[in-house]
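Participant: Quick one: this structure, given as structure tokens, is what I'll be asking you about.
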Amino acid sequence: MQDAEIAARILLDQGQEHRVETPHGVLHVTVHGAGNARRPAILTFHDVGMDSKSCFSTLFKFEEMQEIVKNFTVVHVDAPGQEDGAAIYPAGYQYASMDQVSEMLPAVLQYFNFRTIIGVGVGAGAYILSKFTLSNPDAVEGLVLINVDTNARGWMDWAAQKVCQLHIKKEMHFFFLPYSRRDLNIERNNTFKCPVMLVVGDQAPYEEAAVECNSKLDPTTTSFLKMADAGGMPQLTQPSKLTEAFKYFIQGMGYMASSCMTRLSRSRTTSLSSSFSMEGSRSRSRTLSQGSQGGQLPPSPSHTMEVSC
């Protein structure tokens, strides 16, 4: 391999870093791939106590995720001052609230000239992307919300639990501001206009909140995945299962229709002990099926299904 090819490969793996000016400050954004201009970009937002690398590297560097990555531009957004190596803000600095962070995202789309995105958020990042989607419905073609809680109640208890569970980055203050997160007031008549995939680990601390959120969304456009053996962070502990589900989600949106779901086909005769449940589906989407071969998936009404993954 020539030196130029090696350098290009390293740049592709590391991504291109940008600093994007927004109405509420500067965001650090890392872009991977050129993707297809006719497709939405995949935009991620991380959870409390993490940055984009620690939250998403395991998932997006997973071998079978590369089929998706090569077909889309992937954009990782870091919360203000939370990127790896960020300087510590001075004393008295006014940190952005979570609502303000969601208001920063239109500047990111404008900066890169993205018409639409598929949002992938974890925890606090899922809340931020939910808020952005409600305010900018035409900009979001799909949402993958991991460990989402759209309610304000119990927020500080939830954040305190994260402090105990994770190695917290320095200066995570903006997530802990009093009243920095408000109830999104999602109901059946005030909900997302795009397809949504909710993901939570079986018996994870966020399971009840995710189930409640699922009950408020349109069942014809919502999929609910409860993953066994996933713990509190499915994107880290079960990247294979989440990748497979994400592929089906994207196919249901009309992208990558010829993609072969090889892993599911290979493992469809294995034990259901590593299964996950999927509740709901888009009326025009394709759903997981043990009998599916190579991505040829029959349409199905909303229901709960367990498959081996």
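Chains: A, B, ... in order of the structure tokens. Residues: from 1 per chain. Ligands: from 1, in order shown.
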Running DSSP on the backbone, which parts of stretch 10-157 of chain A land in strand (DSSP E or B), as an mmCIF file with all heavy atoms, in the first residue's frame?
Facilitator:
data_model
loop_
_atom_site.group_PDB
_atom_site.id
_atom_site.type_symbol
_atom_site.label_atom_id
_atom_site.label_comp_id
_atom_site.auth_asym_id
_atom_site.auth_seq_id
_atom_site.Cartn_x
_atom_site.Cartn_y
_atom_site.Cartn_z
ATOM 1 N N GLN A 16 -12.441 13.432 10.396
ATOM 2 C CA GLN A 16 -12.017 14.823 10.261
ATOM 3 C C GLN A 16 -12.701 15.654 11.338
ATOM 4 O O GLN A 16 -13.923 15.645 11.463
ATOM 5 C CB GLN A 16 -12.373 15.346 8.872
ATOM 6 C CG GLN A 16 -11.636 14.647 7.752
ATOM 7 C CD GLN A 16 -12.027 15.202 6.394
ATOM 8 O OE1 GLN A 16 -13.208 15.248 6.049
ATOM 9 N NE2 GLN A 16 -11.041 15.625 5.620
ATOM 10 N N GLU A 17 -11.904 16.372 12.106
ATOM 11 C CA GLU A 17 -12.432 17.143 13.230
ATOM 12 C C GLU A 17 -12.729 18.579 12.809
ATOM 13 O O GLU A 17 -11.974 19.195 12.065
ATOM 14 C CB GLU A 17 -11.434 17.117 14.391
ATOM 15 C CG GLU A 17 -11.184 15.710 14.929
ATOM 16 C CD GLU A 17 -10.328 15.710 16.177
ATOM 17 O OE1 GLU A 17 -10.399 16.704 16.937
ATOM 18 O OE2 GLU A 17 -9.600 14.732 16.396
ATOM 19 N N HIS A 18 -13.842 19.077 13.299
ATOM 20 C CA HIS A 18 -14.278 20.437 12.978
ATOM 21 C C HIS A 18 -14.751 21.125 14.258
ATOM 22 O O HIS A 18 -15.228 20.485 15.187
ATOM 23 C CB HIS A 18 -15.440 20.416 11.977
ATOM 24 C CG HIS A 18 -15.124 19.742 10.682
ATOM 25 N ND1 HIS A 18 -14.743 20.430 9.554
ATOM 26 C CD2 HIS A 18 -15.137 18.422 10.346
ATOM 27 C CE1 HIS A 18 -14.542 19.571 8.568
ATOM 28 N NE2 HIS A 18 -14.774 18.355 9.013
ATOM 29 N N ARG A 19 -14.640 22.434 14.272
ATOM 30 C CA ARG A 19 -15.207 23.260 15.337
ATOM 31 C C ARG A 19 -16.294 24.120 14.703
ATOM 32 O O ARG A 19 -16.007 24.950 13.833
ATOM 33 C CB ARG A 19 -14.134 24.106 16.009
ATOM 34 C CG ARG A 19 -13.143 23.279 16.823
ATOM 35 C CD ARG A 19 -12.035 24.145 17.415
ATOM 36 N NE ARG A 19 -12.549 25.151 18.329
ATOM 37 C CZ ARG A 19 -12.888 24.921 19.598
ATOM 38 N NH1 ARG A 19 -12.775 23.692 20.101
ATOM 39 N NH2 ARG A 19 -13.322 25.889 20.368
ATOM 40 N N VAL A 20 -17.519 23.905 15.130
ATOM 41 C CA VAL A 20 -18.668 24.548 14.502
ATOM 42 C C VAL A 20 -19.234 25.617 15.440
ATOM 43 O O VAL A 20 -19.617 25.320 16.576
ATOM 44 C CB VAL A 20 -19.767 23.516 14.169
ATOM 45 C CG1 VAL A 20 -20.969 24.204 13.523
ATOM 46 C CG2 VAL A 20 -19.210 22.429 13.251
ATOM 47 N N GLU A 21 -19.267 26.845 14.956
ATOM 48 C CA GLU A 21 -19.847 27.952 15.726
ATOM 49 C C GLU A 21 -21.368 27.837 15.721
ATOM 50 O O GLU A 21 -21.988 27.594 14.684
ATOM 51 C CB GLU A 21 -19.441 29.287 15.109
ATOM 52 C CG GLU A 21 -17.958 29.599 15.200
ATOM 53 C CD GLU A 21 -17.555 30.089 16.587
ATOM 54 O OE1 GLU A 21 -18.462 30.359 17.408
ATOM 55 O OE2 GLU A 21 -16.338 30.210 16.824
ATOM 56 N N THR A 22 -21.970 28.001 16.890
ATOM 57 C CA THR A 22 -23.422 27.936 17.027
ATOM 58 C C THR A 22 -23.897 29.119 17.867
ATOM 59 O O THR A 22 -23.079 29.815 18.485
ATOM 60 C CB THR A 22 -23.862 26.629 17.713
ATOM 61 O OG1 THR A 22 -23.712 26.759 19.135
ATOM 62 C CG2 THR A 22 -23.070 25.427 17.213
ATOM 63 N N GLY A 25 -22.445 28.707 21.474
ATOM 64 C CA GLY A 25 -21.062 28.306 21.669
ATOM 65 C C GLY A 25 -20.563 27.397 20.561
ATOM 66 O O GLY A 25 -21.232 27.173 19.543
ATOM 67 N N VAL A 26 -19.367 26.855 20.773
ATOM 68 C CA VAL A 26 -18.700 26.039 19.760
ATOM 69 C C VAL A 26 -18.907 24.560 20.056
ATOM 70 O O VAL A 26 -18.816 24.116 21.202
ATOM 71 C CB VAL A 26 -17.194 26.359 19.711
ATOM 72 C CG1 VAL A 26 -16.471 25.459 18.709
ATOM 73 C CG2 VAL A 26 -16.978 27.820 19.357
ATOM 74 N N LEU A 27 -19.176 23.781 19.001
ATOM 75 C CA LEU A 27 -19.293 22.332 19.120
ATOM 76 C C LEU A 27 -18.137 21.656 18.395
ATOM 77 O O LEU A 27 -17.755 22.064 17.291
ATOM 78 C CB LEU A 27 -20.605 21.836 18.499
ATOM 79 C CG LEU A 27 -21.896 22.059 19.285
ATOM 80 C CD1 LEU A 27 -23.087 21.550 18.471
ATOM 81 C CD2 LEU A 27 -21.850 21.344 20.634
ATOM 82 N N HIS A 28 -17.594 20.636 19.036
ATOM 83 C CA HIS A 28 -16.577 19.802 18.393
ATOM 84 C C HIS A 28 -17.290 18.660 17.664
ATOM 85 O O HIS A 28 -18.085 17.931 18.261
ATOM 86 C CB HIS A 28 -15.622 19.234 19.441
ATOM 87 C CG HIS A 28 -14.597 18.298 18.890
ATOM 88 N ND1 HIS A 28 -14.777 16.934 18.871
ATOM 89 C CD2 HIS A 28 -13.382 18.536 18.327
ATOM 90 C CE1 HIS A 28 -13.718 16.362 18.333
ATOM 91 N NE2 HIS A 28 -12.857 17.313 17.986
ATOM 92 N N VAL A 29 -17.007 18.535 16.371
ATOM 93 C CA VAL A 29 -17.698 17.560 15.530
ATOM 94 C C VAL A 29 -16.666 16.751 14.752
ATOM 95 O O VAL A 29 -15.733 17.319 14.173
ATOM 96 C CB VAL A 29 -18.664 18.255 14.539
ATOM 97 C CG1 VAL A 29 -19.395 17.219 13.690
ATOM 98 C CG2 VAL A 29 -19.662 19.124 15.292
ATOM 99 N N THR A 30 -16.823 15.426 14.730
ATOM 100 C CA THR A 30 -15.938 14.542 13.980
ATOM 101 C C THR A 30 -16.735 13.860 12.882
ATOM 102 O O THR A 30 -17.777 13.259 13.156
ATOM 103 C CB THR A 30 -15.292 13.485 14.889
ATOM 104 O OG1 THR A 30 -14.647 14.132 15.986
ATOM 105 C CG2 THR A 30 -14.275 12.659 14.118
ATOM 106 N N VAL A 31 -16.245 13.961 11.652
ATOM 107 C CA VAL A 31 -16.951 13.428 10.488
ATOM 108 C C VAL A 31 -16.164 12.266 9.899
ATOM 109 O O VAL A 31 -14.950 12.373 9.674
ATOM 110 C CB VAL A 31 -17.163 14.517 9.421
ATOM 111 C CG1 VAL A 31 -17.872 13.940 8.195
ATOM 112 C CG2 VAL A 31 -17.963 15.674 9.999
ATOM 113 N N HIS A 32 -16.866 11.155 9.635
ATOM 114 C CA HIS A 32 -16.268 9.986 9.005
ATOM 115 C C HIS A 32 -16.955 9.731 7.666
ATOM 116 O O HIS A 32 -18.180 9.636 7.596
ATOM 117 C CB HIS A 32 -16.438 8.753 9.890
ATOM 118 C CG HIS A 32 -15.715 8.842 11.195
ATOM 119 N ND1 HIS A 32 -14.458 8.306 11.400
ATOM 120 C CD2 HIS A 32 -16.076 9.410 12.376
ATOM 121 C CE1 HIS A 32 -14.077 8.543 12.638
ATOM 122 N NE2 HIS A 32 -15.037 9.213 13.259
ATOM 123 N N ALA A 41 -27.262 11.990 6.699
ATOM 124 C CA ALA A 41 -26.081 11.687 7.508
ATOM 125 C C ALA A 41 -26.543 11.003 8.790
ATOM 126 O O ALA A 41 -27.666 11.224 9.262
ATOM 127 C CB ALA A 41 -25.323 12.967 7.837
ATOM 128 N N ILE A 42 -25.700 10.159 9.348
ATOM 129 C CA ILE A 42 -25.960 9.568 10.662
ATOM 130 C C ILE A 42 -25.267 10.456 11.691
ATOM 131 O O ILE A 42 -24.041 10.602 11.669
ATOM 132 C CB ILE A 42 -25.436 8.127 10.743
ATOM 133 C CG1 ILE A 42 -26.193 7.229 9.768
ATOM 134 C CG2 ILE A 42 -25.569 7.594 12.173
ATOM 135 C CD1 ILE A 42 -25.634 5.820 9.662
ATOM 136 N N LEU A 43 -26.045 11.074 12.566
ATOM 137 C CA LEU A 43 -25.506 12.007 13.558
ATOM 138 C C LEU A 43 -25.702 11.442 14.957
ATOM 139 O O LEU A 43 -26.823 11.074 15.332
ATOM 140 C CB LEU A 43 -26.182 13.368 13.425
ATOM 141 C CG LEU A 43 -25.635 14.499 14.309
ATOM 142 C CD1 LEU A 43 -25.729 15.841 13.579
ATOM 143 C CD2 LEU A 43 -26.397 14.590 15.633
ATOM 144 N N THR A 44 -24.620 11.339 15.721
ATOM 145 C CA THR A 44 -24.691 10.769 17.061
ATOM 146 C C THR A 44 -24.489 11.830 18.132
ATOM 147 O O THR A 44 -23.830 12.850 17.908
ATOM 148 C CB THR A 44 -23.621 9.675 17.269
ATOM 149 O OG1 THR A 44 -22.322 10.287 17.433
ATOM 150 C CG2 THR A 44 -23.592 8.700 16.097
ATOM 151 N N PHE A 45 -25.074 11.548 19.309
ATOM 152 C CA PHE A 45 -24.836 12.405 20.482
ATOM 153 C C PHE A 45 -24.722 11.505 21.706
ATOM 154 O O PHE A 45 -25.568 10.653 21.956
ATOM 155 C CB PHE A 45 -25.962 13.419 20.666
ATOM 156 C CG PHE A 45 -25.481 14.702 21.301
ATOM 157 C CD1 PHE A 45 -25.438 15.878 20.579
ATOM 158 C CD2 PHE A 45 -25.037 14.729 22.613
ATOM 159 C CE1 PHE A 45 -24.977 17.062 21.140
ATOM 160 C CE2 PHE A 45 -24.571 15.898 23.195
ATOM 161 C CZ PHE A 45 -24.541 17.069 22.450
ATOM 162 N N VAL A 74 -21.006 9.694 8.657
ATOM 163 C CA VAL A 74 -21.250 9.554 10.092
ATOM 164 C C VAL A 74 -20.664 10.767 10.811
ATOM 165 O O VAL A 74 -19.494 11.116 10.616
ATOM 166 C CB VAL A 74 -20.641 8.256 10.649
ATOM 167 C CG1 VAL A 74 -20.893 8.151 12.154
ATOM 168 C CG2 VAL A 74 -21.210 7.043 9.921
ATOM 169 N N VAL A 75 -21.480 11.414 11.620
ATOM 170 C CA VAL A 75 -21.103 12.661 12.293
ATOM 171 C C VAL A 75 -21.259 12.481 13.799
ATOM 172 O O VAL A 75 -22.368 12.240 14.284
ATOM 173 C CB VAL A 75 -21.991 13.832 11.817
ATOM 174 C CG1 VAL A 75 -21.517 15.137 12.440
ATOM 175 C CG2 VAL A 75 -21.999 13.924 10.300
ATOM 176 N N HIS A 76 -20.153 12.577 14.518
ATOM 177 C CA HIS A 76 -20.187 12.455 15.981
ATOM 178 C C HIS A 76 -20.076 13.845 16.597
ATOM 179 O O HIS A 76 -19.088 14.556 16.367
ATOM 180 C CB HIS A 76 -19.043 11.576 16.484
ATOM 181 C CG HIS A 76 -19.080 10.169 15.988
ATOM 182 N ND1 HIS A 76 -20.118 9.300 16.279
ATOM 183 C CD2 HIS A 76 -18.207 9.467 15.217
ATOM 184 C CE1 HIS A 76 -19.873 8.126 15.720
ATOM 185 N NE2 HIS A 76 -18.739 8.202 15.066
ATOM 186 N N VAL A 77 -21.066 14.231 17.372
ATOM 187 C CA VAL A 77 -21.082 15.547 18.011
ATOM 188 C C VAL A 77 -20.749 15.400 19.490
ATOM 189 O O VAL A 77 -21.332 14.561 20.184
ATOM 190 C CB VAL A 77 -22.460 16.219 17.853
ATOM 191 C CG1 VAL A 77 -22.462 17.587 18.534
ATOM 192 C CG2 VAL A 77 -22.833 16.352 16.381
ATOM 193 N N ASP A 78 -19.809 16.206 19.966
ATOM 194 C CA ASP A 78 -19.481 16.245 21.393
ATOM 195 C C ASP A 78 -20.188 17.423 22.049
ATOM 196 O O ASP A 78 -20.259 18.518 21.472
ATOM 197 C CB ASP A 78 -17.973 16.398 21.601
ATOM 198 C CG ASP A 78 -17.213 15.121 21.286
ATOM 199 O OD1 ASP A 78 -17.429 14.124 21.988
ATOM 200 O OD2 ASP A 78 -16.407 15.131 20.338
ATOM 201 N N ILE A 117 -30.910 14.055 8.664
ATOM 202 C CA ILE A 117 -30.057 13.133 9.417
ATOM 203 C C ILE A 117 -30.870 11.944 9.911
ATOM 204 O O ILE A 117 -32.098 11.974 9.943
ATOM 205 C CB ILE A 117 -29.406 13.819 10.635
ATOM 206 C CG1 ILE A 117 -30.497 14.261 11.646
ATOM 207 C CG2 ILE A 117 -28.530 14.983 10.204
ATOM 208 C CD1 ILE A 117 -29.954 14.634 13.012
ATOM 209 N N ILE A 118 -30.157 10.898 10.299
ATOM 210 C CA ILE A 118 -30.676 9.836 11.156
ATOM 211 C C ILE A 118 -29.962 10.017 12.484
ATOM 212 O O ILE A 118 -28.732 9.942 12.548
ATOM 213 C CB ILE A 118 -30.393 8.441 10.579
ATOM 214 C CG1 ILE A 118 -31.083 8.264 9.224
ATOM 215 C CG2 ILE A 118 -30.853 7.351 11.560
ATOM 216 C CD1 ILE A 118 -30.694 6.978 8.507
ATOM 217 N N GLY A 119 -30.680 10.314 13.544
ATOM 218 C CA GLY A 119 -30.073 10.583 14.837
ATOM 219 C C GLY A 119 -29.890 9.322 15.657
ATOM 220 O O GLY A 119 -30.780 8.471 15.701
ATOM 221 N N VAL A 120 -28.739 9.203 16.310
ATOM 222 C CA VAL A 120 -28.452 8.088 17.217
ATOM 223 C C VAL A 120 -27.966 8.691 18.527
ATOM 224 O O VAL A 120 -26.877 9.273 18.591
ATOM 225 C CB VAL A 120 -27.380 7.135 16.653
ATOM 226 C CG1 VAL A 120 -27.128 5.977 17.627
ATOM 227 C CG2 VAL A 120 -27.779 6.605 15.280
ATOM 228 N N GLY A 121 -28.776 8.577 19.577
ATOM 229 C CA GLY A 121 -28.426 9.182 20.854
ATOM 230 C C GLY A 121 -28.514 8.203 22.002
ATOM 231 O O GLY A 121 -29.323 7.277 21.979
ATOM 232 N N VAL A 122 -27.676 8.423 23.011
ATOM 233 C CA VAL A 122 -27.654 7.579 24.208
ATOM 234 C C VAL A 122 -27.899 8.454 25.430
ATOM 235 O O VAL A 122 -27.225 9.476 25.619
ATOM 236 C CB VAL A 122 -26.310 6.848 24.365
ATOM 237 C CG1 VAL A 122 -26.318 5.980 25.621
ATOM 238 C CG2 VAL A 122 -26.004 5.995 23.138
ATOM 239 N N VAL A 140 -35.106 15.399 10.294
ATOM 240 C CA VAL A 140 -34.773 14.084 10.847
ATOM 241 C C VAL A 140 -35.597 13.003 10.155
ATOM 242 O O VAL A 140 -36.824 13.024 10.203
ATOM 243 C CB VAL A 140 -35.019 14.049 12.365
ATOM 244 C CG1 VAL A 140 -34.593 12.696 12.934
ATOM 245 C CG2 VAL A 140 -34.260 15.182 13.060
ATOM 246 N N GLU A 141 -34.912 12.061 9.529
ATOM 247 C CA GLU A 141 -35.596 10.967 8.839
ATOM 248 C C GLU A 141 -35.820 9.762 9.750
ATOM 249 O O GLU A 141 -36.698 8.947 9.495
ATOM 250 C CB GLU A 141 -34.807 10.534 7.604
ATOM 251 C CG GLU A 141 -34.793 11.570 6.495
ATOM 252 C CD GLU A 141 -34.313 10.998 5.184
ATOM 253 O OE1 GLU A 141 -34.520 9.790 4.916
ATOM 254 O OE2 GLU A 141 -33.712 11.763 4.401
ATOM 255 N N GLY A 142 -35.022 9.644 10.801
ATOM 256 C CA GLY A 142 -35.176 8.523 11.720
ATOM 257 C C GLY A 142 -34.408 8.775 13.000
ATOM 258 O O GLY A 142 -33.444 9.551 13.026
ATOM 259 N N LEU A 143 -34.839 8.113 14.089
ATOM 260 C CA LEU A 143 -34.197 8.275 15.393
ATOM 261 C C LEU A 143 -33.931 6.905 16.011
ATOM 262 O O LEU A 143 -34.813 6.050 16.044
ATOM 263 C CB LEU A 143 -35.101 9.056 16.349
ATOM 264 C CG LEU A 143 -35.093 10.577 16.327
ATOM 265 C CD1 LEU A 143 -36.109 11.094 17.346
ATOM 266 C CD2 LEU A 143 -33.704 11.124 16.636
ATOM 267 N N VAL A 144 -32.726 6.720 16.524
ATOM 268 C CA VAL A 144 -32.399 5.568 17.358
ATOM 269 C C VAL A 144 -32.073 6.116 18.742
ATOM 270 O O VAL A 144 -31.082 6.824 18.921
ATOM 271 C CB VAL A 144 -31.207 4.781 16.798
ATOM 272 C CG1 VAL A 144 -30.861 3.606 17.715
ATOM 273 C CG2 VAL A 144 -31.508 4.276 15.386
ATOM 274 N N LEU A 145 -32.937 5.815 19.702
ATOM 275 C CA LEU A 145 -32.823 6.385 21.049
ATOM 276 C C LEU A 145 -32.510 5.275 22.039
ATOM 277 O O LEU A 145 -33.343 4.401 22.306
ATOM 278 C CB LEU A 145 -34.123 7.098 21.430
ATOM 279 C CG LEU A 145 -34.587 8.201 20.469
ATOM 280 C CD1 LEU A 145 -35.937 8.756 20.909
ATOM 281 C CD2 LEU A 145 -33.546 9.313 20.361
ATOM 282 N N ILE A 146 -31.315 5.302 22.591
ATOM 283 C CA ILE A 146 -30.856 4.287 23.532
ATOM 284 C C ILE A 146 -30.946 4.855 24.944
ATOM 285 O O ILE A 146 -30.431 5.938 25.227
ATOM 286 C CB ILE A 146 -29.410 3.869 23.220
ATOM 287 C CG1 ILE A 146 -29.302 3.370 21.773
ATOM 288 C CG2 ILE A 146 -28.919 2.798 24.189
ATOM 289 C CD1 ILE A 146 -27.875 3.152 21.296
#
Participant: As a PyMOL selection string, list the residues of stretch 17-147 of chain A assigned to alpha helix (DSSP H) by DSSP on the backbone atoms of this structure.
Facilitator: chain A and resi 52-60+66-69+98-112+124-135
Participant: Write out as a ChimeraX atom specification the residues lying within 10 Å of stretch 123-127 of chain A, counting only C-alpha atoms and excluding same-chain residues fewer than 3 positions away.
Facilitator: /A:44-49,77-79,98-99,101-102,119-120,130-133,143-151,155,158-159,162,175,181-184,198,206,232-233
Participant: Tell me which protein, DNA and RNA residues are within 10 Å of A:Ala34, counting only C-alpha atoms, leaving out same-chain ones fewer than 6 positions away, and put them as a list of chain:residue names.
Facilitator: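 Listing them by chain and then by number gives A:Leu12, A:Ala41, A:Val69, A:Lys70, A:Asn71, A:Phe72, A:Thr73, A:Val74.
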Participant: Could you name the residues that touch A:Asp84 at 10 Å or less, counting only C-alpha atoms, but leaving out those on the same chain fewer than 6 positions away, as a PyMOL selection string?
Facilitator: chain A and resi 28+50-54+78+169
Participant: So, counting only C-alpha atoms, which residue among A:Gly201, A:Gly92, A:Pro195, A:Pro137 is closest to A:Gly231?
Facilitator: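 With only C-alpha atoms as the atom set, the closest residue is A:Gly201.
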Participant: Find the residue from A:Ile68, A:Gly33, A:Tyr111, A:Phe60 that sits nearest to A:Gln251; use only C-alpha atoms when measuring.
Facilitator: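 The answer is A:Ile68, which sits nearest to A:Gln251.
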Participant: Atom CA of A:Phe246 and atom CA of A:Arg38 are how many Å apart?
Facilitator: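 Value for the atom CA of A:Phe246-atom CA of A:Arg38 distance: 19.2 Å.
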Participant: Could you please determine the separation between atom CA of A:Glu103 and atom CA of A:Ile128 in Å, to one decimal place?
Facilitator: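 Pair atom CA of A:Glu103 / atom CA of A:Ile128 returns 8.9 Å.
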Participant: What separation in Å, quoted to one decimal, exists between atom CA of A:His24 and atom CA of A:Ile88?
Facilitator: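 Those two atoms sit 17.2 Å apart.
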Participant: Which residues are near A:Thr58? Cut-off 10 Å, only C-alpha atoms, ignore same chain within fewer than 3 positions. Put them as a tab-separated table (two decimals) with N, CA, C and O atoms, in the first residue's frame.
Facilitator:
chain	number	residue	atom	x	y	z
A	53	LYS	N	-16.18	9.46	21.43
A	53	LYS	CA	-15.32	8.29	21.25
A	53	LYS	C	-15.66	7.18	22.23
A	53	LYS	O	-15.83	6.03	21.85
A	54	SER	N	-15.74	7.52	23.50
A	54	SER	CA	-16.01	6.49	24.51
A	54	SER	C	-17.41	5.91	24.38
A	54	SER	O	-17.65	4.76	24.73
A	55	CYS	N	-18.34	6.71	23.86
A	55	CYS	CA	-19.73	6.27	23.77
A	55	CYS	C	-19.99	5.45	22.52
A	55	CYS	O	-20.77	4.49	22.55
A	61	LYS	N	-17.02	1.06	15.12
A	61	LYS	CA	-15.85	0.35	14.62
A	61	LYS	C	-16.08	-1.15	14.56
A	61	LYS	O	-15.20	-1.91	14.16
A	62	PHE	N	-17.27	-1.59	14.97
A	62	PHE	CA	-17.60	-3.01	14.92
A	62	PHE	C	-17.59	-3.48	13.46
A	62	PHE	O	-18.06	-2.77	12.56
A	63	GLU	N	-17.06	-4.66	13.22
A	63	GLU	CA	-16.83	-5.14	11.85
A	63	GLU	C	-18.08	-5.07	10.98
A	63	GLU	O	-18.04	-4.56	9.85
A	65	MET	N	-20.69	-3.28	11.32
A	65	MET	CA	-21.22	-1.92	11.16
A	65	MET	C	-20.62	-1.23	9.94
A	65	MET	O	-21.19	-0.27	9.42
A	235	GLN	N	-24.86	-0.23	23.38
A	235	GLN	CA	-23.94	0.07	22.27
A	235	GLN	C	-22.52	-0.37	22.58
A	235	GLN	O	-21.70	-0.56	21.66
A	236	LEU	N	-22.20	-0.59	23.86
A	236	LEU	CA	-20.88	-1.06	24.26
A	236	LEU	C	-20.86	-2.56	24.51
A	236	LEU	O	-19.89	-3.24	24.18
A	237	THR	N	-21.93	-3.08	25.09
A	237	THR	CA	-21.94	-4.49	25.48
A	237	THR	C	-22.50	-5.42	24.41
A	237	THR	O	-22.16	-6.61	24.39
A	238	GLN	N	-23.35	-4.91	23.52
A	238	GLN	CA	-23.97	-5.74	22.49
A	238	GLN	C	-23.91	-5.04	21.12
A	238	GLN	O	-24.94	-4.83	20.48
A	239	PRO	N	-22.72	-4.69	20.65
A	239	PRO	CA	-22.64	-4.00	19.35
A	239	PRO	C	-23.14	-4.85	18.19
A	239	PRO	O	-23.67	-4.32	17.21
